[in-house]
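Dropping protein.csv in here (CSV, C-alpha atoms and all ligand atoms):
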chain,number,residue,atom,x,y,z
A,1433,MET,CA,45.7,15.3,-27.3
A,1434,SER,CA,44.6,18.9,-27.6
A,1435,LEU,CA,45.4,21.3,-24.8
A,1436,ASP,CA,42.6,23.6,-23.6
A,1437,LEU,CA,43.5,27.1,-22.7
A,1438,LEU,CA,40.8,27.2,-20.0
A,1439,SER,CA,41.2,23.8,-18.4
A,1440,PRO,CA,43.2,23.0,-15.3
A,1441,VAL,CA,46.8,21.9,-15.8
A,1442,THR,CA,49.6,20.7,-13.5
A,1443,LEU,CA,52.8,22.7,-13.8
A,1444,SER,CA,55.6,21.0,-11.9
A,1445,ASP,CA,53.8,20.3,-8.7
A,1446,LEU,CA,51.4,23.2,-8.9
A,1447,GLU,CA,47.7,22.7,-9.9
A,1448,LEU,CA,46.8,25.7,-12.1
A,1449,GLY,CA,43.2,26.6,-12.9
A,1450,ASN,CA,44.0,27.1,-16.6
A,1451,ARG,CA,46.9,27.7,-19.1
A,1452,MET,CA,46.5,31.5,-19.0
A,1453,VAL,CA,49.5,33.3,-17.4
A,1454,MET,CA,49.5,36.9,-16.5
A,1455,ALA,CA,52.7,38.3,-18.1
A,1456,PRO,CA,55.2,40.4,-16.1
A,1457,MET,CA,54.4,44.1,-16.6
A,1458,THR,CA,56.1,47.1,-15.2
A,1459,ARG,CA,53.4,49.4,-13.6
A,1460,ASN,CA,55.6,51.8,-11.5
A,1461,ARG,CA,53.4,52.1,-8.5
A,1462,ALA,CA,55.6,51.0,-5.6
A,1463,ASN,CA,56.0,53.2,-2.5
A,1464,ALA,CA,58.9,55.6,-1.8
A,1465,ASN,CA,61.0,52.7,-0.5
A,1466,ASN,CA,60.5,50.7,-3.7
A,1467,ALA,CA,58.3,48.4,-1.7
A,1468,PRO,CA,54.9,47.0,-2.8
A,1469,HIS,CA,51.9,48.3,-0.8
A,1470,SER,CA,48.1,47.8,-0.4
A,1471,LEU,CA,47.2,49.2,-3.8
A,1472,ASN,CA,49.5,46.7,-5.5
A,1473,THR,CA,48.0,43.9,-3.3
A,1474,GLU,CA,44.5,44.8,-4.6
A,1475,TYR,CA,45.8,44.8,-8.3
A,1476,TYR,CA,47.3,41.3,-8.0
A,1477,ARG,CA,44.4,39.9,-5.9
A,1478,GLN,CA,41.9,41.0,-8.6
A,1479,ARG,CA,43.8,39.0,-11.2
A,1480,ALA,CA,44.3,35.8,-9.2
A,1481,THR,CA,42.1,33.7,-11.5
A,1482,ALA,CA,45.0,33.6,-14.0
A,1483,GLY,CA,46.5,30.1,-13.9
A,1484,LEU,CA,49.8,31.8,-12.9
A,1485,ILE,CA,50.7,35.4,-12.2
A,1486,ILE,CA,54.3,36.5,-13.0
A,1487,THR,CA,54.9,39.7,-11.2
A,1488,GLU,CA,56.2,42.9,-12.7
A,1489,ALA,CA,60.0,42.8,-12.9
A,1490,SER,CA,61.5,43.2,-9.5
A,1491,PRO,CA,65.1,44.5,-9.0
A,1492,VAL,CA,67.4,42.1,-7.0
A,1493,SER,CA,69.3,45.0,-5.5
A,1494,ALA,CA,69.4,48.8,-5.3
A,1495,GLU,CA,72.1,48.6,-8.0
A,1496,GLY,CA,69.7,46.6,-10.3
A,1497,VAL,CA,67.1,49.3,-10.4
A,1498,GLY,CA,66.4,51.0,-13.7
A,1499,TYR,CA,63.0,52.8,-13.5
A,1500,PRO,CA,61.1,54.9,-10.9
A,1501,ALA,CA,58.8,53.2,-8.4
A,1502,THR,CA,59.5,49.6,-9.3
A,1503,PRO,CA,59.1,47.2,-6.3
A,1504,GLY,CA,62.3,45.4,-5.4
A,1505,ILE,CA,63.0,42.1,-3.6
A,1506,TYR,CA,66.1,42.9,-1.5
A,1507,SER,CA,64.8,44.7,1.6
A,1508,GLU,CA,62.7,43.5,4.6
A,1509,ASP,CA,60.1,46.2,3.7
A,1510,GLN,CA,59.8,44.8,0.2
A,1511,VAL,CA,59.4,41.2,1.5
A,1512,SER,CA,56.7,42.4,3.8
A,1513,GLY,CA,54.8,44.1,1.0
A,1514,TRP,CA,55.2,41.1,-1.3
A,1515,ARG,CA,54.1,38.8,1.5
A,1516,ASP,CA,50.7,40.6,1.6
A,1517,ILE,CA,50.4,40.1,-2.2
A,1518,THR,CA,51.3,36.3,-2.2
A,1519,ASN,CA,48.8,35.8,0.7
A,1520,ALA,CA,46.1,37.6,-1.2
A,1521,VAL,CA,46.7,35.7,-4.4
A,1522,HIS,CA,46.8,32.3,-2.5
A,1523,ALA,CA,43.6,33.1,-0.6
A,1524,GLU,CA,41.9,33.4,-4.0
A,1525,GLY,CA,43.3,30.1,-5.1
A,1526,GLY,CA,45.9,31.6,-7.5
A,1527,HIS,CA,49.7,31.1,-8.0
A,1528,ILE,CA,52.4,33.7,-8.3
A,1529,PHE,CA,56.1,33.8,-9.3
A,1530,ILE,CA,58.3,36.9,-9.0
A,1531,GLN,CA,60.4,38.1,-11.9
A,1532,LEU,CA,64.0,38.8,-10.9
A,1533,TRP,CA,65.5,41.9,-12.6
A,1534,TYR,CA,68.8,43.7,-13.0
A,1535,CYS,CA,68.6,46.6,-15.5
A,1536,GLY,CA,72.2,47.2,-16.3
A,1537,ARG,CA,72.8,49.8,-19.0
A,1538,ILE,CA,69.1,50.7,-19.2
A,1539,SER,CA,69.3,52.4,-15.8
A,1540,HIS,CA,70.4,56.0,-15.1
A,1541,PRO,CA,72.8,57.4,-12.4
A,1542,SER,CA,69.9,59.3,-10.9
A,1543,LEU,CA,68.2,56.0,-10.1
A,1544,LEU,CA,71.3,54.3,-8.5
A,1545,PRO,CA,73.0,54.5,-5.1
A,1546,ASP,CA,75.5,57.4,-5.0
A,1547,ASN,CA,74.6,58.3,-8.6
A,1548,GLN,CA,76.8,55.5,-9.8
A,1549,THR,CA,77.2,54.7,-13.5
A,1550,PRO,CA,75.0,51.8,-14.8
A,1551,VAL,CA,77.0,48.7,-15.6
A,1552,ALA,CA,76.9,46.4,-18.6
A,1553,PRO,CA,79.0,43.6,-20.2
A,1554,SER,CA,80.6,46.3,-22.5
A,1555,SER,CA,80.7,50.1,-22.4
A,1556,LEU,CA,78.2,50.5,-25.2
A,1557,ARG,CA,75.6,53.3,-24.7
A,1558,PRO,CA,72.1,52.4,-25.9
A,1559,GLU,CA,70.3,54.7,-28.2
A,1560,GLY,CA,67.4,56.4,-26.5
A,1561,ASP,CA,66.3,57.7,-23.1
A,1562,ALA,CA,66.1,56.4,-19.6
A,1563,VAL,CA,62.9,56.8,-17.6
A,1564,THR,CA,63.9,58.8,-14.5
A,1565,TYR,CA,62.1,60.7,-11.7
A,1566,ASP,CA,62.9,63.9,-13.7
A,1567,GLY,CA,61.4,62.6,-16.9
A,1568,MET,CA,63.2,61.0,-19.9
A,1569,GLN,CA,67.0,61.6,-19.9
A,1570,PRO,CA,69.4,60.3,-22.5
A,1571,PHE,CA,71.0,56.9,-21.6
A,1572,VAL,CA,74.6,57.2,-20.4
A,1573,GLU,CA,77.6,55.2,-21.5
A,1574,PRO,CA,77.6,52.2,-19.1
A,1575,ARG,CA,80.7,51.0,-17.3
A,1576,ALA,CA,81.9,47.5,-18.4
A,1577,LEU,CA,81.8,45.1,-15.4
A,1578,ASP,CA,85.2,43.8,-14.3
A,1579,THR,CA,85.4,40.0,-14.3
A,1580,ASP,CA,85.8,40.0,-10.5
A,1581,GLU,CA,82.6,42.0,-10.0
A,1582,ILE,CA,80.4,39.3,-11.5
A,1583,PRO,CA,80.3,37.0,-8.4
A,1584,GLY,CA,78.9,40.0,-6.4
A,1585,ILE,CA,76.0,40.3,-8.8
A,1586,ILE,CA,75.3,36.5,-8.8
A,1587,LYS,CA,75.1,36.8,-5.0
A,1588,GLN,CA,72.5,39.5,-5.3
A,1589,TYR,CA,70.4,37.1,-7.4
A,1590,LYS,CA,70.8,34.4,-4.8
A,1591,HIS,CA,69.8,36.8,-2.0
A,1592,ALA,CA,66.7,37.9,-4.0
A,1593,ALA,CA,65.8,34.3,-4.5
A,1594,GLU,CA,65.9,33.8,-0.7
A,1595,MET,CA,63.9,36.9,-0.1
A,1596,ALA,CA,61.3,35.6,-2.6
A,1597,GLN,CA,61.0,32.5,-0.6
A,1598,LYS,CA,60.5,34.5,2.6
A,1599,ALA,CA,57.8,36.5,0.8
A,1600,GLY,CA,55.8,33.4,0.1
A,1601,PHE,CA,56.1,33.2,-3.7
A,1602,ASP,CA,55.4,29.8,-5.5
A,1603,GLY,CA,58.5,30.3,-7.6
A,1604,ILE,CA,60.8,32.8,-9.4
A,1605,GLU,CA,61.3,33.8,-13.0
A,1606,VAL,CA,64.8,34.9,-14.1
A,1607,HIS,CA,64.4,37.8,-16.4
A,1608,ALA,CA,66.9,37.2,-19.2
A,1609,ALA,CA,65.0,39.1,-21.9
A,1610,ASN,CA,64.2,42.6,-23.3
A,1611,GLY,CA,67.6,44.2,-23.2
A,1612,TYR,CA,68.3,44.1,-19.4
A,1613,LEU,CA,71.6,42.9,-17.9
A,1614,VAL,CA,71.4,39.1,-18.5
A,1615,ASP,CA,70.2,39.7,-22.1
A,1616,GLN,CA,73.0,42.2,-22.6
A,1617,PHE,CA,75.4,39.3,-21.9
A,1618,LEU,CA,73.5,36.8,-24.1
A,1619,ARG,CA,73.3,38.9,-27.3
A,1620,ASP,CA,76.4,39.8,-29.3
A,1621,GLY,CA,75.2,43.3,-30.1
A,1622,THR,CA,75.9,44.3,-26.5
A,1623,ASN,CA,78.5,41.8,-25.4
A,1624,GLN,CA,82.0,42.5,-26.7
A,1625,ARG,CA,83.9,41.1,-23.8
A,1626,SER,CA,87.2,39.2,-24.2
A,1627,ASP,CA,87.1,37.4,-20.9
A,1628,GLU,CA,85.2,34.1,-20.2
A,1629,TYR,CA,81.9,36.0,-20.2
A,1630,GLY,CA,82.1,37.1,-23.8
A,1631,GLY,CA,82.9,35.9,-27.3
A,1632,ASN,CA,81.3,32.6,-28.2
A,1633,VAL,CA,77.8,31.4,-27.2
A,1634,GLU,CA,79.2,29.3,-24.3
A,1635,ASN,CA,80.9,32.3,-22.8
A,1636,ARG,CA,77.9,34.7,-23.4
A,1637,MET,CA,75.7,32.2,-21.6
A,1638,ARG,CA,78.0,31.9,-18.6
A,1639,PHE,CA,76.5,34.8,-16.6
A,1640,LEU,CA,73.0,33.3,-17.0
A,1641,ASN,CA,74.2,29.8,-16.1
A,1642,GLU,CA,75.8,31.1,-12.9
A,1643,ILE,CA,72.6,32.9,-12.0
A,1644,LEU,CA,70.6,29.8,-12.5
A,1645,ASP,CA,73.1,27.7,-10.5
A,1646,ALA,CA,72.8,30.2,-7.7
A,1647,VAL,CA,69.0,30.6,-7.5
A,1648,CYS,CA,68.6,26.8,-7.8
A,1649,GLU,CA,70.6,26.4,-4.6
A,1650,VAL,CA,67.6,28.2,-3.0
A,1651,TRP,CA,64.7,26.9,-5.0
A,1652,PRO,CA,64.0,23.5,-6.5
A,1653,THR,CA,64.6,23.7,-10.2
A,1654,ASN,CA,61.0,23.0,-11.0
A,1655,ARG,CA,60.0,26.3,-9.3
A,1656,VAL,CA,62.4,28.4,-11.4
A,1657,GLY,CA,61.3,29.8,-14.8
A,1658,LEU,CA,63.3,31.7,-17.3
A,1659,ARG,CA,62.3,34.4,-19.8
A,1660,LEU,CA,64.2,35.0,-23.1
A,1661,SER,CA,63.5,37.3,-26.1
A,1662,PRO,CA,65.6,36.2,-29.0
A,1663,GLU,CA,64.9,39.0,-31.4
A,1664,ASN,CA,63.3,41.8,-29.4
A,1665,SER,CA,64.9,45.1,-30.5
A,1666,PHE,CA,63.5,47.0,-27.4
A,1667,ASN,CA,66.2,48.8,-25.5
A,1668,ASP,CA,68.4,49.0,-28.6
A,1669,MET,CA,69.2,45.3,-28.7
A,1670,SER,CA,70.5,43.2,-31.6
A,1671,ASP,CA,72.1,39.9,-32.3
A,1672,SER,CA,73.9,38.7,-35.4
A,1673,SER,CA,72.2,35.3,-35.5
A,1674,PRO,CA,69.3,34.9,-33.0
A,1675,GLN,CA,68.0,31.6,-34.4
A,1676,GLN,CA,71.3,29.9,-34.1
A,1677,HIS,CA,72.4,31.5,-30.9
A,1678,PHE,CA,69.1,30.9,-29.0
A,1679,ALA,CA,68.9,27.4,-30.3
A,1680,TYR,CA,72.2,26.8,-28.5
A,1681,PHE,CA,71.1,28.6,-25.3
A,1682,ILE,CA,67.9,26.6,-25.2
A,1683,SER,CA,69.6,23.3,-25.9
A,1684,GLN,CA,71.8,24.0,-22.9
A,1685,LEU,CA,68.8,24.6,-20.6
A,1686,ASN,CA,67.3,21.1,-21.2
A,1687,SER,CA,69.3,19.4,-18.5
A,1688,ARG,CA,68.2,21.9,-15.8
A,1689,ASN,CA,64.6,20.7,-15.5
A,1690,LEU,CA,63.3,24.2,-15.0
A,1691,CYS,CA,59.6,25.0,-14.4
A,1692,TYR,CA,59.1,26.6,-17.8
A,1693,LEU,CA,60.8,28.5,-20.6
A,1694,HIS,CA,59.0,31.8,-21.3
A,1695,ILE,CA,59.6,33.3,-24.7
A,1696,LEU,CA,58.8,36.8,-25.8
A,1697,GLU,CA,58.3,35.9,-29.5
A,1698,GLY,CA,59.2,38.5,-32.1
A,1699,ASP,CA,59.6,42.2,-31.5
A,1700,MET,CA,57.8,43.9,-28.6
A,1701,MET,CA,57.3,47.1,-30.5
A,1702,THR,CA,56.7,46.1,-34.1
A,1703,LYS,CA,55.4,42.6,-33.4
A,1704,GLN,CA,57.4,41.3,-36.3
A,1705,ARG,CA,58.8,37.8,-36.2
A,1706,ASN,CA,61.8,36.5,-38.1
A,1707,VAL,CA,62.9,33.7,-35.8
A,1708,ASN,CA,61.2,30.3,-36.2
A,1709,TYR,CA,59.8,29.7,-32.7
A,1710,ARG,CA,58.5,26.3,-33.5
A,1711,ASP,CA,62.1,25.2,-34.1
A,1712,LEU,CA,63.2,26.7,-30.7
A,1713,ARG,CA,60.2,25.0,-29.0
A,1714,ASP,CA,61.1,21.7,-30.5
A,1715,ILE,CA,64.7,21.9,-29.2
A,1716,TYR,CA,63.3,22.4,-25.7
A,1717,ASN,CA,62.3,19.3,-23.6
A,1718,GLY,CA,60.2,21.2,-21.0
A,1719,ILE,CA,57.2,23.4,-20.7
A,1720,TYR,CA,57.1,26.3,-23.3
A,1721,MET,CA,55.3,29.5,-22.5
A,1722,ALA,CA,54.5,31.7,-25.4
A,1723,ASN,CA,54.0,35.5,-25.2
A,1724,ASN,CA,53.6,38.7,-27.3
A,1725,SER,CA,50.1,39.8,-28.4
A,1726,TYR,CA,48.2,36.6,-28.1
A,1727,ASP,CA,44.5,36.7,-27.8
A,1728,LYS,CA,42.1,33.9,-27.0
A,1729,THR,CA,41.9,32.6,-30.6
A,1730,ARG,CA,45.6,32.7,-31.3
A,1731,ALA,CA,46.4,31.2,-28.0
A,1732,GLN,CA,44.1,28.2,-28.5
A,1733,THR,CA,45.4,27.7,-32.0
A,1734,ALA,CA,49.0,27.7,-30.8
A,1735,LEU,CA,48.0,25.1,-28.1
A,1736,ASN,CA,46.2,23.0,-30.7
A,1737,ASN,CA,49.2,23.0,-33.0
A,1738,GLY,CA,51.6,22.0,-30.2
A,1739,ASP,CA,53.4,25.3,-30.5
A,1740,CYS,CA,53.3,26.0,-26.7
A,1741,ASP,CA,52.0,24.6,-23.4
A,1742,LEU,CA,51.1,27.9,-21.7
A,1743,VAL,CA,50.3,31.4,-23.0
A,1744,ALA,CA,51.2,34.6,-21.2
A,1745,PHE,CA,48.9,37.6,-21.8
A,1746,GLY,CA,49.9,41.2,-21.0
A,1747,VAL,CA,47.8,44.1,-21.9
A,1748,PRO,CA,44.5,42.1,-21.8
A,1749,PHE,CA,45.2,41.4,-18.1
A,1750,ILE,CA,45.8,45.1,-17.4
A,1751,ALA,CA,42.3,46.0,-18.6
A,1752,ASN,CA,40.5,42.8,-17.6
A,1753,PRO,CA,41.1,41.5,-14.1
A,1754,ASP,CA,38.6,38.8,-14.9
A,1755,LEU,CA,40.1,37.9,-18.2
A,1756,VAL,CA,39.7,34.2,-17.6
A,1757,HIS,CA,36.0,34.5,-16.9
A,1758,ARG,CA,35.6,36.7,-20.0
A,1759,TYR,CA,37.4,34.2,-22.2
A,1760,ARG,CA,35.4,31.3,-20.7
A,1761,ASN,CA,32.1,33.0,-21.4
A,1762,ASN,CA,33.0,34.8,-24.6
A,1763,LEU,CA,32.4,38.2,-23.1
A,1764,SER,CA,33.7,41.4,-24.6
A,1765,LEU,CA,36.8,42.9,-23.2
A,1766,ASN,CA,37.6,46.3,-21.6
A,1767,GLU,CA,39.9,48.5,-23.6
A,1768,ALA,CA,43.3,49.2,-22.0
A,1769,ASP,CA,44.2,52.9,-21.4
A,1770,GLN,CA,47.9,53.3,-22.4
A,1771,ASN,CA,48.2,56.6,-20.5
A,1772,THR,CA,47.9,54.8,-17.2
A,1773,PHE,CA,50.2,51.9,-17.9
A,1774,TYR,CA,53.2,53.4,-16.1
A,1775,GLY,CA,52.9,55.1,-12.7
A,1776,GLY,CA,50.0,56.9,-11.1
A,1777,ASP,CA,47.3,55.7,-8.7
A,1778,GLU,CA,44.4,53.4,-8.8
A,1779,HIS,CA,43.1,54.8,-12.1
A,1780,GLY,CA,43.9,52.5,-14.9
A,1781,TYR,CA,45.2,50.0,-12.3
A,1782,THR,CA,42.6,48.6,-9.9
A,1783,ASP,CA,39.5,50.4,-11.3
A,1784,TYR,CA,38.9,48.4,-14.5
A,1785,PRO,CA,35.4,46.9,-14.1
A,1786,PHE,CA,34.7,43.1,-13.7
A,1787,ALA,CA,32.1,41.8,-16.1
A,1788,GLU,CA,28.5,41.5,-14.7
A,1789,SER,CA,28.1,37.9,-13.9
B,1,LIG,C1,59.4,48.4,-19.2
B,1,LIG,O1,59.5,48.9,-18.1
B,1,LIG,O2,59.2,49.1,-20.2
B,1,LIG,C2,59.8,47.0,-19.3
B,1,LIG,C3,60.2,46.3,-18.2
B,1,LIG,C4,60.5,45.0,-18.3
B,1,LIG,C5,60.4,44.4,-19.6
B,1,LIG,C6,60.0,45.1,-20.7
B,1,LIG,C7,59.6,46.4,-20.5
B,1,LIG,O3,60.8,43.1,-19.7
Would it be possible to restate this file's structure as C-alpha cells?
Amino acid sequence: MSLDLLSPVTLSDLELGNRMVMAPMTRNRANANNAPHSLNTEYYRQRATAGLIITEASPVSAEGVGYPATPGIYSEDQVSGWRDITNAVHAEGGHIFIQLWYCGRISHPSLLPDNQTPVAPSSLRPEGDAVTYDGMQPFVEPRALDTDEIPGIIKQYKHAAEMAQKAGFDGIEVHAANGYLVDQFLRDGTNQRSDEYGGNVENRMRFLNEILDAVCEVWPTNRVGLRLSPENSFNDMSDSSPQQHFAYFISQLNSRNLCYLHILEGDMMTKQRNVNYRDLRDIYNGIYMANNSYDKTRAQTALNNGDCDLVAFGVPFIANPDLVHRYRNNLSLNEADQNTFYGGDEHGYTDYPFAES
C-alpha cells in the first residue's frame, strides 16, 4: 500500500487532510510579555491547510526561555493568545500541536529571571553566541543542575501541558532535539553527570522519561508527540555513537503509544547524514514523521519506500502559506527570505502571497 502525501490520513483519533506537517519554527514575533498576539494568529491561520501544524518552540517557564520574543505556554496571557490561534486553525479545519521547550545552556542570563545563569546537565559552555535583546553575546558556562532540582523542571513541563490543554491545542510535542535541555541530557557530549541522570543510556534518558510520564498524566499518550535529532550538531552538540544510542532511546519509546516520533534527520546546518534513519524507523512501532529539507518529490519517495508516515516541512511553509494547494496543483513556490525568518513584523511573515486559484 502506498501512502499519498496529499491524501487524508487518521493520526491517533485526528482526521488530517494530508500527510504534510508544518514543522516547528522559531519566528521571534511574540509580544512584550512573550505572549502570542493577533499577528501570530494570522500567520498560523494562513497555514491551517497543513495536515498538522506544530507550533514554534514554546518555553514551559520563564526559566526555560532562550531567545527574544518567543511565545511561552506558562502564563494566562500566553494561554489567551494561543487560544485565539487554536480557534483560528480549527475554524479552518486544521489541527495544531504546541512544542514544549526548555533551552538550558543555549540561553543567556539577560533572557532569564534575575539574570540567572542558564542550567544544563553539566557545566559545559557551548561554542558560539546566544541570541539576546542586545544582539549576539557569547554563551556563558551553564550551571549543572542539582539532582534535587530536576523534579521542579518536570513540574514546569506538566504545568505547560495543562496550559496547552486550556489553550485548546489538539496535542503537544516534547522538544527533545537540537541541543536544548532534554537533548543535552540525551547526548553524551553534553551529559557528564555521575548521578542517576548521567552515564549510561538508561540514565541519560531518565529526564526525558520523567517528562513524558508527567505530560501523559495530563494528555492521553496518543496526543503526545516527541522530537529527536540524533546527529544534529546545531548548538554545539555531539554524541559518541548516535546510531546505537538513539536505537536504544527509540526502542524504549515503543511501549508508550505516543502520537508520533518526529525525527530531524541529519544535520540542520550541513544537511549531512551519517545515521541510518531507516534502521531507527524500523525499530519504532508507531508513526514516524521525517524532517529536514524534504520537498514534494523527496517526501513522496520516502512515503513510497516506507521510510516514514508523515513529513514535516519547514522553510517551504514560511514562504508558502498554501503549500498544500501548490503541491496538489504542481504550482511554483514563493522563495523564502532568510532576512525575515527571526523577528520583525508582518514582512516575511504574513505577507507571502497565496497562489492565484
Ligand atoms: C532556533 O531558534 O534557531 C531554533 C529553535 C528551535 C529549534 C531549532 C532552532 O529546534
List all protein, DNA and RNA residues that have at least one atom no more than 10 Å from any atom of ligand LIG 1 (chain B), counting only C-alpha atoms and all ligand atoms, and write them as a ChimeraX atom specification. /A:1455-1460,1488-1490,1498-1500,1502,1531,1533-1535,1538,1563,1607-1612,1659-1661,1664,1666-1667,1696,1700,1773-1774
Please build the interface table for range 1579-1616 of chain A against range 1641-1653 of chain A with a cut-off of 6 Å, listing for each qualifying residue the nearest atom pair and the distance in Å to one decimal; count all atoms listed in the file, order rows by chain and increasing number, and write it as CSV.
residue,atom,partner,partner_atom,distance
A:Ile1586,CA,A:Ile1643,CA,5.5
A:Lys1590,CA,A:Val1647,CA,5.0
A:Ala1593,CA,A:Val1647,CA,5.7
As a list in words, please: the residues near Asn1766 in chain A (cut-off 10 Å, all atoms listed in the file, same-chain neighbours under 5 positions excluded).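 My list of contacting residues is Pro1748, Phe1749, Ile1750, Ala1751, Asn1752, Pro1753, Leu1755, Arg1758, Tyr1784, Pro1785, Phe1786 and Ala1787 of chain A.
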What does the distance from CA of Ile1505 in chain A to CA of Ala1592 in chain A come to in Å, to one decimal?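 Going from CA of Ile1505 in chain A over to CA of Ala1592 in chain A, I get 5.6 Å.
The gap separating CA of Val1614 in chain A from CA of Leu1690 in chain A is 17.3 Å, in Å to one decimal.
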If we count only C-alpha atoms and set the cut-off at 10 Å, which residues sit around Pro1662 in chain A, ignoring sequence neighbours fewer than 5 positions away in its own chain? Please answer as a PDB file with C-alpha atoms, in the coordinates of the input.
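Done, and the output landed in around-v1.pdb:
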ATOM      1  CA  ALA A1608      66.900  37.200 -19.200  1.00  0.00           C
ATOM      2  CA  ALA A1609      65.000  39.100 -21.900  1.00  0.00           C
ATOM      3  CA  ASN A1610      64.200  42.600 -23.300  1.00  0.00           C
ATOM      4  CA  ASP A1615      70.200  39.700 -22.100  1.00  0.00           C
ATOM      5  CA  LEU A1618      73.500  36.800 -24.100  1.00  0.00           C
ATOM      6  CA  ARG A1619      73.300  38.900 -27.300  1.00  0.00           C
ATOM      7  CA  MET A1669      69.200  45.300 -28.700  1.00  0.00           C
ATOM      8  CA  SER A1670      70.500  43.200 -31.600  1.00  0.00           C
ATOM      9  CA  ASP A1671      72.100  39.900 -32.300  1.00  0.00           C
ATOM     10  CA  SER A1673      72.200  35.300 -35.500  1.00  0.00           C
ATOM     11  CA  PRO A1674      69.300  34.900 -33.000  1.00  0.00           C
ATOM     12  CA  GLN A1675      68.000  31.600 -34.400  1.00  0.00           C
ATOM     13  CA  GLN A1676      71.300  29.900 -34.100  1.00  0.00           C
ATOM     14  CA  HIS A1677      72.400  31.500 -30.900  1.00  0.00           C
ATOM     15  CA  PHE A1678      69.100  30.900 -29.000  1.00  0.00           C
ATOM     16  CA  ALA A1679      68.900  27.400 -30.300  1.00  0.00           C
ATOM     17  CA  ILE A1695      59.600  33.300 -24.700  1.00  0.00           C
ATOM     18  CA  LEU A1696      58.800  36.800 -25.800  1.00  0.00           C
ATOM     19  CA  GLU A1697      58.300  35.900 -29.500  1.00  0.00           C
ATOM     20  CA  GLY A1698      59.200  38.500 -32.100  1.00  0.00           C
ATOM     21  CA  ASP A1699      59.600  42.200 -31.500  1.00  0.00           C
ATOM     22  CA  ASN A1706      61.800  36.500 -38.100  1.00  0.00           C
ATOM     23  CA  VAL A1707      62.900  33.700 -35.800  1.00  0.00           C
ATOM     24  CA  TYR A1709      59.800  29.700 -32.700  1.00  0.00           C
ATOM     25  CA  LEU A1712      63.200  26.700 -30.700  1.00  0.00           C
TER      26      LEU A1712
END
What is the CA of Asn1547 in chain A-CA of Ala1599 in chain A distance in Å, reported with one decimal?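 Separation between CA of Asn1547 in chain A and CA of Ala1599 in chain A: 29.1 Å.
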Spatial neighbours of range 1718-1731 of chain A, max dist 7 Å, all atoms listed in the file, sep filter under 5 positions, as a VMD selection string: chain A and resid 1691 to 1697 1700 1713 1740 to 1745 1759
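Taking only C-alpha atoms into account, Gln1588 in chain A lies nearest to A:Ser1493 out of the set A:Thr1564, A:Asn1708, A:Ser1493, A:Ser1439.
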Selection as a count of residues only: residues within 9 Å of (57.8, 51.5, -3.4), counting all atoms listed in the file: 16
Of the candidates A:Gly1526, A:Met1568, A:Ala1576, A:Asn1623, which one gets nearest to Thr1549 in chain A if we count all atoms listed in the file?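 Closest to Thr1549 in chain A, using all atoms listed in the file: A:Ala1576.
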For range 1748-1775 of chain A versus range 1434-1438 of chain A, which residues have an atom no more than 10 Å away, and what is each residue's nearest atom pair and distance in Å rounded to one decimal, using all atoms listed in the file, chain-then-number order, as a tab-separated table?
residue	atom	partner	partner_atom	distance
A:Val1756	CA	A:Leu1438	CA	7.5
A:His1757	CA	A:Leu1438	CA	9.3
A:Tyr1759	CA	A:Leu1438	CA	8.1
A:Arg1760	CA	A:Leu1438	CA	6.8
Identify the residues around (40.0, 52.3, -6.7) within a radius of 12 Å, measuring from all atoms listed in the file in the coordinates stated by the file, and give them as a PDB file with C-alpha atoms, in the frame of the given file.
ATOM      1  CA  SER A1470      48.100  47.800  -0.400  1.00  0.00           C
ATOM      2  CA  LEU A1471      47.200  49.200  -3.800  1.00  0.00           C
ATOM      3  CA  ASN A1472      49.500  46.700  -5.500  1.00  0.00           C
ATOM      4  CA  GLU A1474      44.500  44.800  -4.600  1.00  0.00           C
ATOM      5  CA  TYR A1475      45.800  44.800  -8.300  1.00  0.00           C
ATOM      6  CA  GLN A1478      41.900  41.000  -8.600  1.00  0.00           C
ATOM      7  CA  GLY A1776      50.000  56.900 -11.100  1.00  0.00           C
ATOM      8  CA  ASP A1777      47.300  55.700  -8.700  1.00  0.00           C
ATOM      9  CA  GLU A1778      44.400  53.400  -8.800  1.00  0.00           C
ATOM     10  CA  HIS A1779      43.100  54.800 -12.100  1.00  0.00           C
ATOM     11  CA  GLY A1780      43.900  52.500 -14.900  1.00  0.00           C
ATOM     12  CA  TYR A1781      45.200  50.000 -12.300  1.00  0.00           C
ATOM     13  CA  THR A1782      42.600  48.600  -9.900  1.00  0.00           C
ATOM     14  CA  ASP A1783      39.500  50.400 -11.300  1.00  0.00           C
ATOM     15  CA  TYR A1784      38.900  48.400 -14.500  1.00  0.00           C
ATOM     16  CA  PRO A1785      35.400  46.900 -14.100  1.00  0.00           C
TER      17      PRO A1785
END
If we count only C-alpha atoms and set the cut-off at 9 Å, which residues sit around Asp1445 in chain A, ignoring sequence neighbours fewer than 2 positions away in its own chain? Please answer as a list in words.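 Within the cut-off, the hits are Thr1442, Leu1443, Glu1447, Asn1654 and Arg1655 of chain A.
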Proximity to Ile1585 in chain A - best of A:Val1492, A:Ile1485, A:Leu1544, A:Leu1658, all atoms listed in the file: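 Among A:Val1492, A:Ile1485, A:Leu1544, A:Leu1658, it is A:Val1492 that comes nearest to Ile1585 in chain A.
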Best match for closeness to Val1606 in chain A among A:Leu1532, A:Asp1754, A:Gly1775, A:Leu1763, counting only C-alpha atoms: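 Going through A:Leu1532, A:Asp1754, A:Gly1775, A:Leu1763 one by one, the smallest distance to Val1606 in chain A is for A:Leu1532.
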Within 12 Å of Asp1566 in chain A using all atoms listed in the file, minus same-chain residues under 3 positions, as a PyMOL selection string: chain A and resi 1499-1500+1540-1543+1561-1563+1569-1570
Selected residues written out, C-alpha atoms, as a short mmCIF file (atom, residue, chain, number, x, y, z; two decimals), in the coordinates of the input:
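Final output, part.cif:
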data_model
loop_
_atom_site.label_atom_id
_atom_site.label_comp_id
_atom_site.auth_asym_id
_atom_site.auth_seq_id
_atom_site.Cartn_x
_atom_site.Cartn_y
_atom_site.Cartn_z
CA TYR A 1499 63.00 52.80 -13.50
CA PRO A 1500 61.10 54.90 -10.90
CA HIS A 1540 70.40 56.00 -15.10
CA PRO A 1541 72.80 57.40 -12.40
CA SER A 1542 69.90 59.30 -10.90
CA LEU A 1543 68.20 56.00 -10.10
CA ASP A 1561 66.30 57.70 -23.10
CA ALA A 1562 66.10 56.40 -19.60
CA VAL A 1563 62.90 56.80 -17.60
CA GLN A 1569 67.00 61.60 -19.90
CA PRO A 1570 69.40 60.30 -22.50
#
